[in-house]
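Asker: My structure is stored as target36.cif, with mmCIF, C-alpha atoms.
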data_input
#
loop_
_atom_site.label_atom_id
_atom_site.label_comp_id
_atom_site.auth_asym_id
_atom_site.auth_seq_id
_atom_site.Cartn_x
_atom_site.Cartn_y
_atom_site.Cartn_z
CA MET Q 1 0.00 0.00 0.00
CA GLU Q 2 1.07 3.55 -0.72
CA ARG Q 3 2.59 5.32 2.27
CA ILE Q 4 4.05 8.72 2.98
CA PRO Q 5 7.58 8.33 4.37
CA ILE Q 6 8.35 9.74 7.81
CA LEU Q 7 11.98 10.74 8.35
CA GLN Q 8 13.63 11.12 11.71
CA MET Q 9 16.17 13.87 12.31
CA GLY Q 10 17.34 14.01 15.92
CA GLN Q 11 14.37 14.85 18.04
CA PHE Q 12 12.21 15.78 15.08
CA LEU Q 13 10.11 13.88 12.60
CA ILE Q 14 9.88 15.22 9.07
CA VAL Q 15 7.06 14.47 6.67
CA THR Q 16 7.02 15.83 3.14
CA ILE Q 17 3.80 15.31 1.29
CA GLN Q 18 4.62 15.05 -2.40
CA VAL Q 19 1.62 13.24 -3.81
CA ASP Q 20 -2.01 14.19 -3.99
CA MET Q 21 -3.53 13.42 -0.63
CA HIS Q 22 -6.53 11.19 -0.75
CA ASP Q 23 -8.54 10.31 2.30
CA ARG Q 24 -7.12 6.82 2.91
CA LEU Q 25 -3.54 8.09 2.59
CA ALA Q 26 -4.30 10.82 5.09
CA LEU Q 27 -5.65 8.36 7.63
CA THR Q 28 -2.63 6.07 7.14
CA LEU Q 29 -0.33 9.02 7.70
CA GLN Q 30 -2.21 9.88 10.87
CA ASP Q 31 -1.75 6.31 12.15
CA ASP Q 32 1.93 6.07 11.18
CA LEU Q 33 2.83 9.45 12.55
CA THR Q 34 1.24 8.97 15.96
CA SER Q 35 2.91 5.57 16.41
CA ARG Q 36 6.29 6.97 15.29
CA ILE Q 37 5.99 9.90 17.70
CA SER Q 38 5.44 7.60 20.63
CA ALA Q 39 8.08 5.08 19.43
CA THR Q 40 10.83 7.67 18.88
CA ASN Q 41 9.77 10.01 21.64
CA ALA Q 42 9.98 12.89 19.13
CA LYS Q 43 9.55 16.44 20.38
CA GLY Q 44 8.69 18.07 17.11
CA VAL Q 45 6.92 17.25 13.85
CA LEU Q 46 7.48 19.18 10.63
CA ILE Q 47 5.00 18.64 7.82
CA ASP Q 48 6.08 20.16 4.52
CA ILE Q 49 3.21 20.65 2.10
CA SER Q 50 4.97 22.85 -0.47
CA ALA Q 51 4.22 20.30 -3.20
CA LEU Q 52 0.55 20.04 -2.25
CA GLU Q 53 -1.61 21.93 -4.71
CA ILE Q 54 -5.07 20.66 -3.89
CA VAL Q 55 -6.67 20.48 -0.48
CA ASP Q 56 -10.20 19.80 0.64
CA SER Q 57 -11.87 20.23 3.97
CA PHE Q 58 -10.97 16.67 4.98
CA ILE Q 59 -7.23 17.19 4.46
CA GLY Q 60 -7.46 20.52 6.25
CA ARG Q 61 -9.12 18.93 9.22
CA MET Q 62 -6.62 16.09 9.16
CA LEU Q 63 -3.75 18.58 9.48
CA ALA Q 64 -5.49 20.09 12.50
CA ASN Q 65 -6.09 16.62 13.96
CA ILE Q 66 -2.48 15.51 13.50
CA SER Q 67 -1.28 18.64 15.23
CA GLY Q 68 -3.70 18.06 18.10
CA MET Q 69 -2.67 14.42 18.49
CA ALA Q 70 1.02 15.33 18.37
CA ARG Q 71 0.47 17.92 21.06
CA ILE Q 72 -1.11 15.33 23.32
CA LEU Q 73 1.91 13.10 22.66
CA ASP Q 74 4.13 16.05 23.69
CA ALA Q 75 5.37 17.08 20.26
CA GLN Q 76 5.06 20.44 18.53
CA THR Q 77 3.80 20.50 14.95
CA VAL Q 78 4.81 22.99 12.27
CA VAL Q 79 3.23 23.04 8.83
CA THR Q 80 5.55 24.61 6.23
CA GLY Q 81 5.48 25.79 2.65
CA MET Q 82 1.76 26.17 2.16
CA GLN Q 83 1.01 27.45 -1.34
CA PRO Q 84 -0.99 30.70 -1.69
CA ALA Q 85 -3.80 28.90 -3.51
CA VAL Q 86 -4.00 26.31 -0.75
CA ALA Q 87 -4.08 28.99 1.95
CA ILE Q 88 -6.87 30.83 0.17
CA THR Q 89 -8.85 27.60 -0.27
CA LEU Q 90 -8.56 26.73 3.41
CA VAL Q 91 -9.68 30.22 4.44
CA GLU Q 92 -12.63 30.07 2.06
CA LEU Q 93 -13.55 26.67 3.52
CA GLY Q 94 -13.57 28.33 6.94
CA LEU Q 95 -10.59 26.31 8.17
CA SER Q 96 -8.24 28.80 9.77
CA LEU Q 97 -6.36 26.00 11.64
CA PRO Q 98 -5.96 28.08 14.79
CA GLY Q 99 -3.89 25.52 16.73
CA ILE Q 100 -1.28 24.95 14.05
CA LYS Q 101 2.07 26.66 13.81
CA THR Q 102 3.07 27.61 10.29
CA ALA Q 103 6.28 28.66 8.58
CA LEU Q 104 7.17 29.81 5.11
CA ASN Q 105 9.72 27.08 4.35
CA VAL Q 106 11.40 24.07 5.94
CA GLU Q 107 14.37 26.09 7.19
CA ARG Q 108 12.19 28.54 9.10
CA GLY Q 109 10.03 25.68 10.31
CA MET Q 110 13.08 23.99 11.84
CA GLN Q 111 14.09 27.29 13.47
CA LEU Q 112 10.63 27.54 14.96
CA LEU Q 113 10.74 23.98 16.29
CA ARG Q 114 14.22 24.45 17.75
CA ALA Q 115 13.13 27.69 19.39
CA ALA Q 116 10.05 26.02 20.87
CA LEU Q 117 12.14 23.12 22.12
CA GLY Q 118 14.85 25.41 23.47
CA ASP Q 119 12.22 27.28 25.47
CA ARG Q 120 10.98 24.08 26.95
CA GLN Q 121 14.41 22.78 27.86
CA ALA Q 122 15.13 26.07 29.56
CA ASP Q 123 11.94 25.63 31.55
CA PRO Q 124 11.93 21.95 32.56
CA GLU Q 125 8.67 22.21 34.50
CA GLN Q 126 6.76 22.29 31.27
CA ASP Q 127 8.02 18.85 30.25
CA ASP Q 128 5.47 17.28 32.55
CA VAL Q 129 2.56 19.09 31.03
CA ASP Q 130 0.67 17.11 28.40
CA ALA Q 131 -0.48 20.05 26.34
CA PRO Q 132 2.04 22.86 26.72
CA VAL Q 133 0.81 26.40 26.46
CA GLU Q 134 1.28 27.88 23.00
CA ALA Q 135 4.22 30.21 22.60
CA MET O 1 -42.58 41.53 -47.36
CA PRO O 2 -41.45 39.59 -50.40
CA ASP O 3 -42.77 42.15 -52.90
CA SER O 4 -41.40 45.16 -51.09
CA ARG O 5 -40.67 48.16 -53.22
CA LEU O 6 -38.37 49.62 -50.61
CA PRO O 7 -34.98 48.43 -51.99
CA ASP O 8 -36.03 49.55 -55.43
CA LEU O 9 -37.08 52.91 -54.05
CA ILE O 10 -33.83 53.37 -52.16
CA ALA O 11 -31.83 52.46 -55.25
CA ARG O 12 -33.63 55.00 -57.40
CA HIS O 13 -33.45 57.90 -54.98
CA GLU O 14 -30.30 57.13 -53.03
CA ALA O 15 -28.65 60.54 -53.45
CA ASP O 16 -31.88 62.36 -52.66
CA LEU O 17 -32.50 60.29 -49.57
CA LEU O 18 -28.99 60.91 -48.33
CA ALA O 19 -29.33 64.66 -48.69
CA GLN O 20 -32.63 64.63 -46.84
CA TRP O 21 -31.27 62.33 -44.18
CA ALA O 22 -28.37 64.73 -43.56
CA LYS O 23 -30.90 67.56 -43.23
CA ALA O 24 -33.02 65.54 -40.80
CA LEU O 25 -29.91 64.70 -38.80
CA SER O 26 -28.91 68.30 -38.34
CA ALA O 27 -32.53 69.16 -37.52
CA ALA O 28 -32.54 66.47 -34.81
CA GLY O 29 -29.29 67.88 -33.45
CA ALA O 30 -27.54 64.55 -33.93
CA THR O 31 -24.63 65.81 -35.99
CA ARG O 32 -22.39 67.13 -33.19
CA GLU O 33 -19.88 68.78 -35.49
CA ASP O 34 -17.60 69.36 -32.52
CA LEU O 35 -17.12 65.60 -32.16
CA MET O 36 -17.27 64.43 -35.74
CA LYS O 37 -16.52 65.89 -39.18
CA PRO O 38 -19.52 66.35 -41.52
CA GLU O 39 -17.76 64.44 -44.31
CA GLU O 40 -17.25 61.48 -42.02
CA LEU O 41 -20.92 61.52 -41.06
CA ARG O 42 -21.97 61.67 -44.71
CA ALA O 43 -19.73 58.73 -45.54
CA GLN O 44 -21.28 56.72 -42.70
CA CYS O 45 -24.78 57.55 -43.93
CA ALA O 46 -23.95 56.51 -47.48
CA ASP O 47 -22.34 53.27 -46.31
CA LEU O 48 -25.27 52.38 -44.12
CA LEU O 49 -27.97 53.20 -46.66
CA GLY O 50 -26.10 51.25 -49.34
CA SER O 51 -25.74 48.16 -47.21
CA VAL O 52 -29.36 48.36 -46.04
CA ARG O 53 -30.43 48.41 -49.67
CA GLN O 54 -28.25 45.43 -50.51
CA ALA O 55 -29.56 43.51 -47.54
CA LEU O 56 -33.16 44.26 -48.51
CA GLN O 57 -32.51 43.19 -52.07
CA ARG O 58 -31.00 39.94 -50.90
CA GLY O 59 -34.30 39.43 -49.19
CA GLY O 60 -35.88 39.31 -45.79
CA ASN O 61 -36.27 42.06 -43.25
CA ASP O 62 -35.12 39.95 -40.34
CA ILE O 63 -32.09 41.95 -39.29
CA THR O 64 -30.65 39.00 -37.33
CA GLY O 65 -30.44 37.04 -40.61
CA GLN O 66 -27.38 36.35 -42.68
CA GLY O 67 -28.07 38.94 -45.38
CA TRP O 68 -27.86 41.70 -42.75
CA GLU O 69 -24.43 40.85 -41.46
CA LYS O 70 -22.77 43.85 -43.10
CA VAL O 71 -25.42 46.25 -41.75
CA ARG O 72 -24.99 44.85 -38.25
CA GLU O 73 -21.23 45.22 -38.47
CA LEU O 74 -21.57 48.80 -39.64
CA LEU O 75 -24.02 49.72 -36.88
CA THR O 76 -21.88 48.08 -34.20
CA GLU O 77 -18.82 49.96 -35.40
CA ILE O 78 -20.74 53.26 -35.58
CA SER O 79 -22.22 52.97 -32.10
CA ARG O 80 -18.92 51.81 -30.65
CA THR O 81 -17.04 54.84 -31.99
CA ARG O 82 -19.89 57.08 -30.87
CA ALA O 83 -19.76 55.72 -27.34
CA GLN O 84 -16.03 56.48 -27.30
CA GLN O 85 -16.45 59.94 -28.81
CA GLY O 86 -18.94 60.84 -26.11
CA PHE O 87 -22.19 60.99 -28.06
CA THR O 88 -25.32 60.78 -25.93
CA PRO O 89 -27.59 57.75 -26.36
CA THR O 90 -30.23 60.05 -27.89
CA ALA O 91 -27.83 61.37 -30.49
CA THR O 92 -26.75 57.85 -31.37
CA ALA O 93 -30.31 56.59 -31.70
CA SER O 94 -31.38 59.68 -33.66
CA PHE O 95 -28.73 58.85 -36.24
CA VAL O 96 -30.79 55.83 -37.32
CA PHE O 97 -34.28 57.09 -36.49
CA SER O 98 -33.90 60.26 -38.54
CA LEU O 99 -33.77 58.05 -41.63
CA LYS O 100 -37.51 57.57 -41.19
CA GLU O 101 -38.53 61.04 -42.31
CA PRO O 102 -36.93 61.03 -45.78
CA LEU O 103 -38.06 57.45 -46.35
CA PHE O 104 -41.66 58.24 -45.44
CA GLN O 105 -41.71 61.33 -47.62
CA ARG O 106 -40.41 59.32 -50.51
CA LEU O 107 -42.98 56.58 -49.93
CA ARG O 108 -45.78 59.14 -49.75
CA SER O 109 -44.90 60.72 -53.06
CA GLU O 110 -44.47 57.28 -54.69
CA HIS O 111 -47.70 55.70 -53.49
CA ALA O 112 -49.94 58.74 -53.21
CA ALA O 113 -52.48 57.03 -55.51
CA ASN O 114 -52.69 53.85 -53.43
CA PRO O 115 -53.36 54.56 -49.71
CA ALA O 116 -53.58 50.88 -48.71
CA LEU O 117 -50.15 50.12 -50.17
CA LEU O 118 -48.78 53.31 -48.62
CA VAL O 119 -49.89 52.27 -45.14
CA GLU O 120 -48.48 48.79 -45.58
CA GLU O 121 -45.12 50.03 -46.86
CA THR O 122 -44.91 52.69 -44.14
CA TRP O 123 -45.56 50.09 -41.49
CA SER O 124 -42.92 47.66 -42.74
CA THR O 125 -40.43 50.51 -43.12
CA THR O 126 -41.05 51.81 -39.63
CA THR O 127 -40.61 48.35 -38.04
CA LEU O 128 -37.38 47.90 -39.99
CA VAL O 129 -35.92 51.25 -38.93
CA ASP O 130 -37.04 50.65 -35.34
CA LYS O 131 -35.21 47.33 -35.28
CA LEU O 132 -32.08 48.96 -36.66
CA GLY O 133 -32.34 51.73 -34.07
CA LEU O 134 -32.76 49.32 -31.20
CA PHE O 135 -29.83 47.28 -32.44
CA THR O 136 -27.74 50.46 -32.52
CA ILE O 137 -28.67 51.35 -28.94
CA GLU O 138 -27.91 47.83 -27.81
CA SER O 139 -24.44 47.91 -29.29
CA TYR O 140 -23.95 51.42 -27.92
CA ILE O 141 -24.70 50.20 -24.41
CA LYS O 142 -22.52 47.15 -24.88
CA ALA O 143 -19.65 49.37 -25.96
CA ARG O 144 -20.16 51.58 -22.90
CA GLU O 145 -20.20 48.55 -20.62
CA ASP O 146 -16.97 47.37 -22.19
CA ILE O 147 -15.40 50.73 -21.40
CA ILE O 148 -16.65 50.57 -17.81
CA ARG O 149 -15.34 47.04 -17.36
CA ARG O 150 -11.93 47.97 -18.75
CA GLN O 151 -11.74 50.91 -16.39
CA GLN O 152 -12.68 48.73 -13.44
CA GLU O 153 -9.93 46.29 -14.34
CA ALA O 154 -7.44 49.10 -14.68
CA MET O 155 -8.49 50.42 -11.28
CA LEU O 156 -8.06 47.00 -9.70
CA GLU O 157 -4.54 46.70 -11.02
CA LEU O 158 -3.69 50.21 -9.89
CA SER O 159 -5.06 49.95 -6.40
CA THR O 160 -3.31 46.87 -5.07
CA PRO O 161 0.43 47.46 -5.02
CA VAL O 162 2.53 45.28 -2.72
CA VAL O 163 5.49 47.28 -1.42
CA LYS O 164 8.69 45.90 0.02
CA LEU O 165 9.72 47.96 3.06
CA TRP O 166 12.72 45.92 4.17
CA ASP O 167 14.11 42.44 3.73
CA GLY O 168 11.29 40.20 4.85
CA ILE O 169 8.84 43.03 5.48
CA LEU O 170 6.07 43.75 2.98
CA ALA O 171 3.43 46.48 3.12
CA LEU O 172 0.11 46.56 1.35
CA PRO O 173 -1.42 50.04 1.31
CA LEU O 174 -5.10 49.46 0.60
CA ILE O 175 -6.94 52.30 -1.11
CA GLY O 176 -10.66 52.41 -1.78
CA THR O 177 -13.49 50.16 -0.72
CA LEU O 178 -12.75 46.46 -0.36
CA ASP O 179 -15.22 44.14 -2.04
CA SER O 180 -14.98 40.39 -2.58
CA ALA O 181 -13.41 40.65 -6.03
CA ARG O 182 -10.75 43.08 -4.86
CA THR O 183 -10.00 41.11 -1.72
CA GLN O 184 -9.43 38.05 -3.86
CA ILE O 185 -6.92 39.90 -6.04
CA VAL O 186 -5.26 41.55 -3.05
CA MET O 187 -4.93 38.19 -1.30
CA GLU O 188 -3.52 36.44 -4.35
CA SER O 189 -0.96 39.10 -5.21
CA LEU O 190 0.06 39.45 -1.56
CA LEU O 191 0.52 35.72 -0.94
CA GLN O 192 2.44 35.34 -4.17
CA ARG O 193 4.84 38.05 -3.06
CA VAL O 194 5.10 36.46 0.39
CA VAL O 195 6.46 33.33 -1.28
CA THR O 196 8.85 35.05 -3.70
CA GLU O 197 10.24 37.51 -1.13
CA SER O 198 10.23 34.95 1.72
CA THR O 199 8.50 37.40 4.01
CA ASP O 200 8.29 37.37 7.82
CA VAL O 201 5.89 40.23 8.39
CA VAL O 202 3.16 41.82 6.28
CA ILE O 203 1.65 45.20 7.12
CA LEU O 204 -1.88 45.82 5.83
CA ASP O 205 -2.37 49.57 5.84
CA ILE O 206 -6.01 50.62 5.67
CA THR O 207 -5.50 54.39 5.85
CA GLY O 208 -7.02 54.67 2.37
CA VAL O 209 -10.07 52.56 3.12
CA PRO O 210 -12.94 55.03 3.63
CA THR O 211 -15.28 52.79 5.62
CA VAL O 212 -14.99 49.46 7.35
CA ASP O 213 -18.16 47.40 7.68
CA THR O 214 -18.55 43.79 8.75
CA LEU O 215 -17.90 42.58 5.22
CA VAL O 216 -14.68 44.56 4.84
CA ALA O 217 -13.54 43.40 8.28
CA GLN O 218 -14.26 39.83 7.30
CA HIS O 219 -12.23 40.24 4.11
CA LEU O 220 -9.33 41.67 6.11
CA LEU O 221 -9.46 38.78 8.56
CA LYS O 222 -9.48 36.31 5.68
CA THR O 223 -6.32 37.85 4.26
CA VAL O 224 -4.66 37.79 7.68
CA THR O 225 -5.61 34.14 8.21
CA ALA O 226 -4.37 33.09 4.79
CA ALA O 227 -1.04 34.84 5.43
CA ARG O 228 -0.78 33.15 8.81
CA LEU O 229 -1.40 29.76 7.24
CA MET O 230 1.63 30.38 5.07
CA GLY O 231 3.70 31.23 8.11
CA THR O 232 3.71 35.02 7.93
CA ASP O 233 2.62 37.49 10.59
CA CYS O 234 0.15 40.22 9.67
CA ILE O 235 -0.19 43.65 11.20
CA ILE O 236 -3.13 45.91 10.38
CA SER O 237 -2.25 49.58 10.52
CA GLY O 238 -3.76 52.94 9.66
CA ILE O 239 -6.90 52.50 11.72
CA ARG O 240 -8.54 55.89 12.16
CA PRO O 241 -10.46 56.71 15.35
CA GLN O 242 -13.84 56.56 13.59
CA ILE O 243 -13.00 53.18 12.12
CA ALA O 244 -11.93 51.86 15.54
CA GLN O 245 -15.32 53.01 16.85
CA THR O 246 -17.22 51.33 14.04
CA ILE O 247 -15.30 48.08 14.43
CA VAL O 248 -16.15 47.89 18.14
CA HIS O 249 -19.78 48.93 17.57
CA LEU O 250 -20.15 46.25 14.92
CA GLY O 251 -18.78 43.66 17.31
CA VAL O 252 -15.99 42.58 14.94
CA ASP O 253 -13.38 40.58 16.82
CA LEU O 254 -9.89 41.75 15.87
CA THR O 255 -8.20 40.46 19.02
CA SER O 256 -6.36 37.76 17.08
CA VAL O 257 -4.67 40.40 14.91
CA ILE O 258 -2.02 42.94 15.82
CA THR O 259 -3.41 46.40 15.09
CA LYS O 260 -1.54 49.69 15.08
CA SER O 261 -2.78 53.17 14.45
CA SER O 262 -0.06 54.21 12.04
CA LEU O 263 2.15 52.56 9.47
CA ALA O 264 5.23 53.81 11.37
CA ASP O 265 4.17 51.96 14.53
CA ALA O 266 3.50 48.81 12.55
CA PHE O 267 6.92 49.11 10.89
CA LYS O 268 8.56 49.35 14.32
CA VAL O 269 6.85 46.15 15.39
CA ALA O 270 7.88 44.47 12.15
CA LEU O 271 11.51 45.52 12.66
CA SER O 272 11.56 44.20 16.20
CA ARG O 273 10.11 40.90 14.94
CA ARG O 274 13.12 40.64 12.68
CA ASP O 275 15.47 41.63 15.54
CA LEU O 276 16.29 44.91 13.83
CA MET O 277 16.25 48.45 15.14
CA VAL O 278 16.63 51.97 13.84
CA VAL O 279 18.98 54.23 15.82
CA LYS O 280 20.19 57.79 15.38
CA ARG O 281 23.59 57.94 13.73
CA LYS O 282 25.17 60.08 16.49
CA ALA O 283 23.92 57.83 19.22
CA ALA O 284 25.19 54.79 17.32
CA ALA O 285 28.62 56.40 16.85
CA ALA O 286 28.78 57.31 20.53
CA GLY O 287 27.76 53.77 21.39
CA ALA O 288 30.53 52.40 19.16
CA GLN O 289 33.15 54.60 20.82
CA ALA O 290 32.07 53.71 24.31
#
Translate this structure into C-alpha cells?

Answerer:
Amino acid sequence: MERIPILQMGQFLIVTIQVDMHDRLALTLQDDLTSRISATNAKGVLIDISALEIVDSFIGRMLANISGMARILDAQTVVTGMQPAVAITLVELGLSLPGIKTALNVERGMQLLRAALGDRQADPEQDDVDAPVEA
Amino acid sequence: MPDSRLPDLIARHEADLLAQWAKALSAAGATREDLMKPEELRAQCADLLGSVRQALQRGGNDITGQGWEKVRELLTEISRTRAQQGFTPTATASFVFSLKEPLFQRLRSEHAANPALLVEETWSTTTLVDKLGLFTIESYIKAREDIIRRQQEAMLELSTPVVKLWDGILALPLIGTLDSARTQIVMESLLQRVVTESTDVVILDITGVPTVDTLVAQHLLKTVTAARLMGTDCIISGIRPQIAQTIVHLGVDLTSVITKSSLADAFKVALSRRDLMVVKRKAAAAGAQA
C-alpha cells in the first residue's frame, strides 16, 4: 500500500507530502505518525506541504487533527510551505487551523521547532505538562 | 414583405434620400460637429444606406439574418465609436431614427395614388428602422459597458500594489473600498509576493479605506488568516479613530490580529520581529566609541 515516508532527524520527525492526498492516505499518515511519535519520543513534527496543490476540507481537518494528536503526545507541529492557492482555499472553507504553527519554508520551520524546544528545555517544569501552552 | 418596393425605391433615390437624411440629422441635433466631421458623417450615412439596400434586395427584413451581417457590423462599429467619442444615447439613436422622415416622404410621393399600399409600406419601413435603431442602442450600451469594465480592471490593477519595506517586510497600502473581487486579487498578489520575497511580516495599511463594515472586516481577517497559514505574521495599521469606533460597535473581533494606528508603529513592530532596530547615527557612533 502507498505510504508517505516519515523521516527522523534528531528529536524531530519530518514528513514531506509530495503526492495528492486522498482520504485513505491521510488516515494512514495519521496512524503512522502517531505511532512513530510515541516510538521515537519525538519532540517536534514538521509537515512540509509545499508540493501540495489541492486540499479539501478533509485534508485541512486532518492537518489540524495531527497537530492536536502530536500535542497530546508532547510534540510540537509545524506546517511549512503552504502554497498561496491552498491557503486561500482553506480560508474560504472556513478552516483557519488556529492551533497549528506555520512557517514559510522548511528552514524557518526547523528554526521555529528548535526555538520552541529550546524554550521548553530552559523551563523543565513544562516537560510534565501534556499540552504545553502555545508560545 | 417579399414584394417590397423599398430596396427599389432606395436604389432610385439614393442621393436624394442621403441629402434629406443629412438635413433631418442636423434638424434632430444629432450631428455634433464638434465631435465628428460632416464628411465622415456623410460617408457613414452613405455606407449604411447602401448596405441596407443590398440587404433588402438579398431578401428578408429579419435583421438578425445572414443577409444583414454587413449592416450589423456597420451599426456596431458606428455605435462603438460614438460611445467612445462621447455621443449621448439620444444622439446615437437619432442617427438611425432620422432616416424615417426622408423614407416616409419618398414613400408618400411614390404611393400617393394607393393609400392601402402606402400604409403597408410605411408600417414595414417603420418596423425595420425601429429594429435597426434598437440594435444600434444595444451595441452602444454594450460598448459603454466594455469601457466601464476595462476601467474597473485598470483600477483593480492600480489599487493593489505590494510594497517591500525591508528584507522580509512587505506592506500593502489598501486604497478604496474592499469588495470580494478586490479582496481576492489583493490576497492572491500578496501571498504570491510572500512566497517570492520569503517574508516574515506583512503590514496591511487601511488608511485609504474610507469605511470598514462587517464585510470589509471579514475580508481583512481572511487575508490575515491566509497569510498566517503560510507562516507570515500580519499587522493591520492605519486604523482611524472613527474606524476603531465602528469596528467595536459592529462587534468585529480583531483580538487575534495585531493592530496599530499608524504605518510607522507597525513598521517598528515588524523591525523588532526581525530583531532589527533603527537608531540615530550620532547615538550609534557614541555607542561604538564607548

Asker: Once the PyMOL selection byres ((chain O) within 6 of (chain Q)) is applied to the coordinates I shared, what remains selected? I want it as a PyMOL selection string.

Answerer: chain O and resi 191+226+229-231

Asker: Selection in question (the file shown): the PyMOL selection byres ((chain Q and resi 21) around 10). Which residues does it include, as a list in words?

Answerer: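 Going through the file, the PyMOL selection byres ((chain Q and resi 21) around 10) ends up selecting Ile4, Ile17, Gln18, Val19, Asp20, His22, Asp23, Arg24, Leu25, Ala26, Leu27, Leu29, Leu52, Glu53, Ile54, Val55, Asp56, Phe58 and Ile59 of chain Q.
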
Asker: Please write the residues picked by the PyMOL selection byres ((chain Q and resi 67) around 8) on this file as a compact mmCIF listing (two decimals) with C-alpha atoms, in the coordinates of the input.

Answerer:
# COMPACT_ATOMS: atom_id res chain seq x y z
CA LEU Q 63 -3.75 18.58 9.48
CA ALA Q 64 -5.49 20.09 12.50
CA ASN Q 65 -6.09 16.62 13.96
CA ILE Q 66 -2.48 15.51 13.50
CA GLY Q 68 -3.70 18.06 18.10
CA MET Q 69 -2.67 14.42 18.49
CA ALA Q 70 1.02 15.33 18.37
CA ARG Q 71 0.47 17.92 21.06
CA GLN Q 76 5.06 20.44 18.53
CA THR Q 77 3.80 20.50 14.95
CA GLY Q 99 -3.89 25.52 16.73
CA ILE Q 100 -1.28 24.95 14.05

Asker: Would you mind telling me which residue in O:Gln54, O:Ser26, O:Ser189, O:Gln184 lies nearest to Glu69 (chain O) when using all atoms listed in the file?

Answerer: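 Under the stated criterion, the closest residue is O:Gln54.
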
Asker: Could you state the separation of CA of Ile169 (chain O) and CA of His219 (chain O) in Å, given to one decimal place?

Answerer: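 Between these atoms lies a distance of 21.3 Å.
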
Asker: Please compute the CA of Phe135 (chain O)-CA of Ser79 (chain O) distance, one decimal, in Å.

Answerer: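 Computed distance, CA of Phe135 (chain O) to CA of Ser79 (chain O), equals 9.5 Å.
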
Asker: Record the distance separating CA of Lys43 (chain Q) and CA of Ala116 (chain Q), expressed in Å with one decimal.

Answerer: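 That distance, rounded to one decimal, is 9.6 Å.
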
Asker: Considering all atoms listed in the file, can you say which of Q:Ile47, Q:Asp31, Q:Arg61, Q:Asn41 comes closest to Ile14 (chain Q)?

Answerer: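 Smallest separation from Ile14 (chain Q) among the options: Q:Ile47.
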
Asker: Given the point (1.8, 14.2, 22.6) in the file's coordinates, find the residues that have an atom at most 8 Å from it, counting all atoms listed in the file, and give them as an NGL selection string.

Answerer: :Q and (37-38 or 69-75 or 130-131)

Asker: Using all atoms listed in the file, which residue out of Q:Thr16, Q:Pro5, Q:Gly60, Q:Asp32 lies closest to Leu93 (chain Q)?

Answerer: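 Residue with the minimum atom-to-atom distance to Leu93 (chain Q): Q:Gly60.
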
Asker: Which is closest to Gly133 (chain O) among O:Arg106, O:Arg193, O:Lys100, O:His111, if we use all atoms listed in the file?

Answerer: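 That would be O:Lys100, the residue with the smallest distance to Gly133 (chain O).
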
Asker: Report as number ranges by chain all protein, DNA and RNA residues lying within 12 Å of Phe87 (chain O), evaluated on only C-alpha atoms, omitting residues in the same chain fewer than 6 positions from it.

Answerer: O: 29-36, 78-81, 93-95, 137, 140-141, 144

Asker: At a cut-off of 7 Å, using all atoms listed in the file, what residues contact Ser198 (chain O)? Leave out same-chain residues fewer than 2 positions from it and give the result as a count of residues only.

Answerer: 6

Asker: Give the centre and edge lengths of an axis-aligned box, in Å to one decimal, that holds all listed atoms of region 58-68 of chain Q with 4 Å on each side, as AutoDock Vina command-line options.

Answerer:
--center_x -6.1 --center_y 18.0 --center_z 11.3 --size_x 17.7 --size_y 13.0 --size_z 21.6

Asker: Looking at O:Ile148, O:Ala217, O:Leu48, O:Ile236, which one is nearest to Asp253 (chain O), with distances taken over all atoms listed in the file?

Answerer: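 Of all the options, O:Ala217 lies closest to Asp253 (chain O).
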
Asker: If we count all atoms listed in the file and set the cut-off at 6 Å, which residues sit around Leu13 (chain Q), ignoring sequence neighbours fewer than 3 positions away in its own chain? Please answer as a ChimeraX atom specification.

Answerer: /Q:7-8,45

Asker: Give me the residues within 10 Å of Gly10 (chain Q) as a ChimeraX atom specification, counting all atoms listed in the file and dropping any in the same chain fewer than 4 places off.

Answerer: /Q:40,42-44
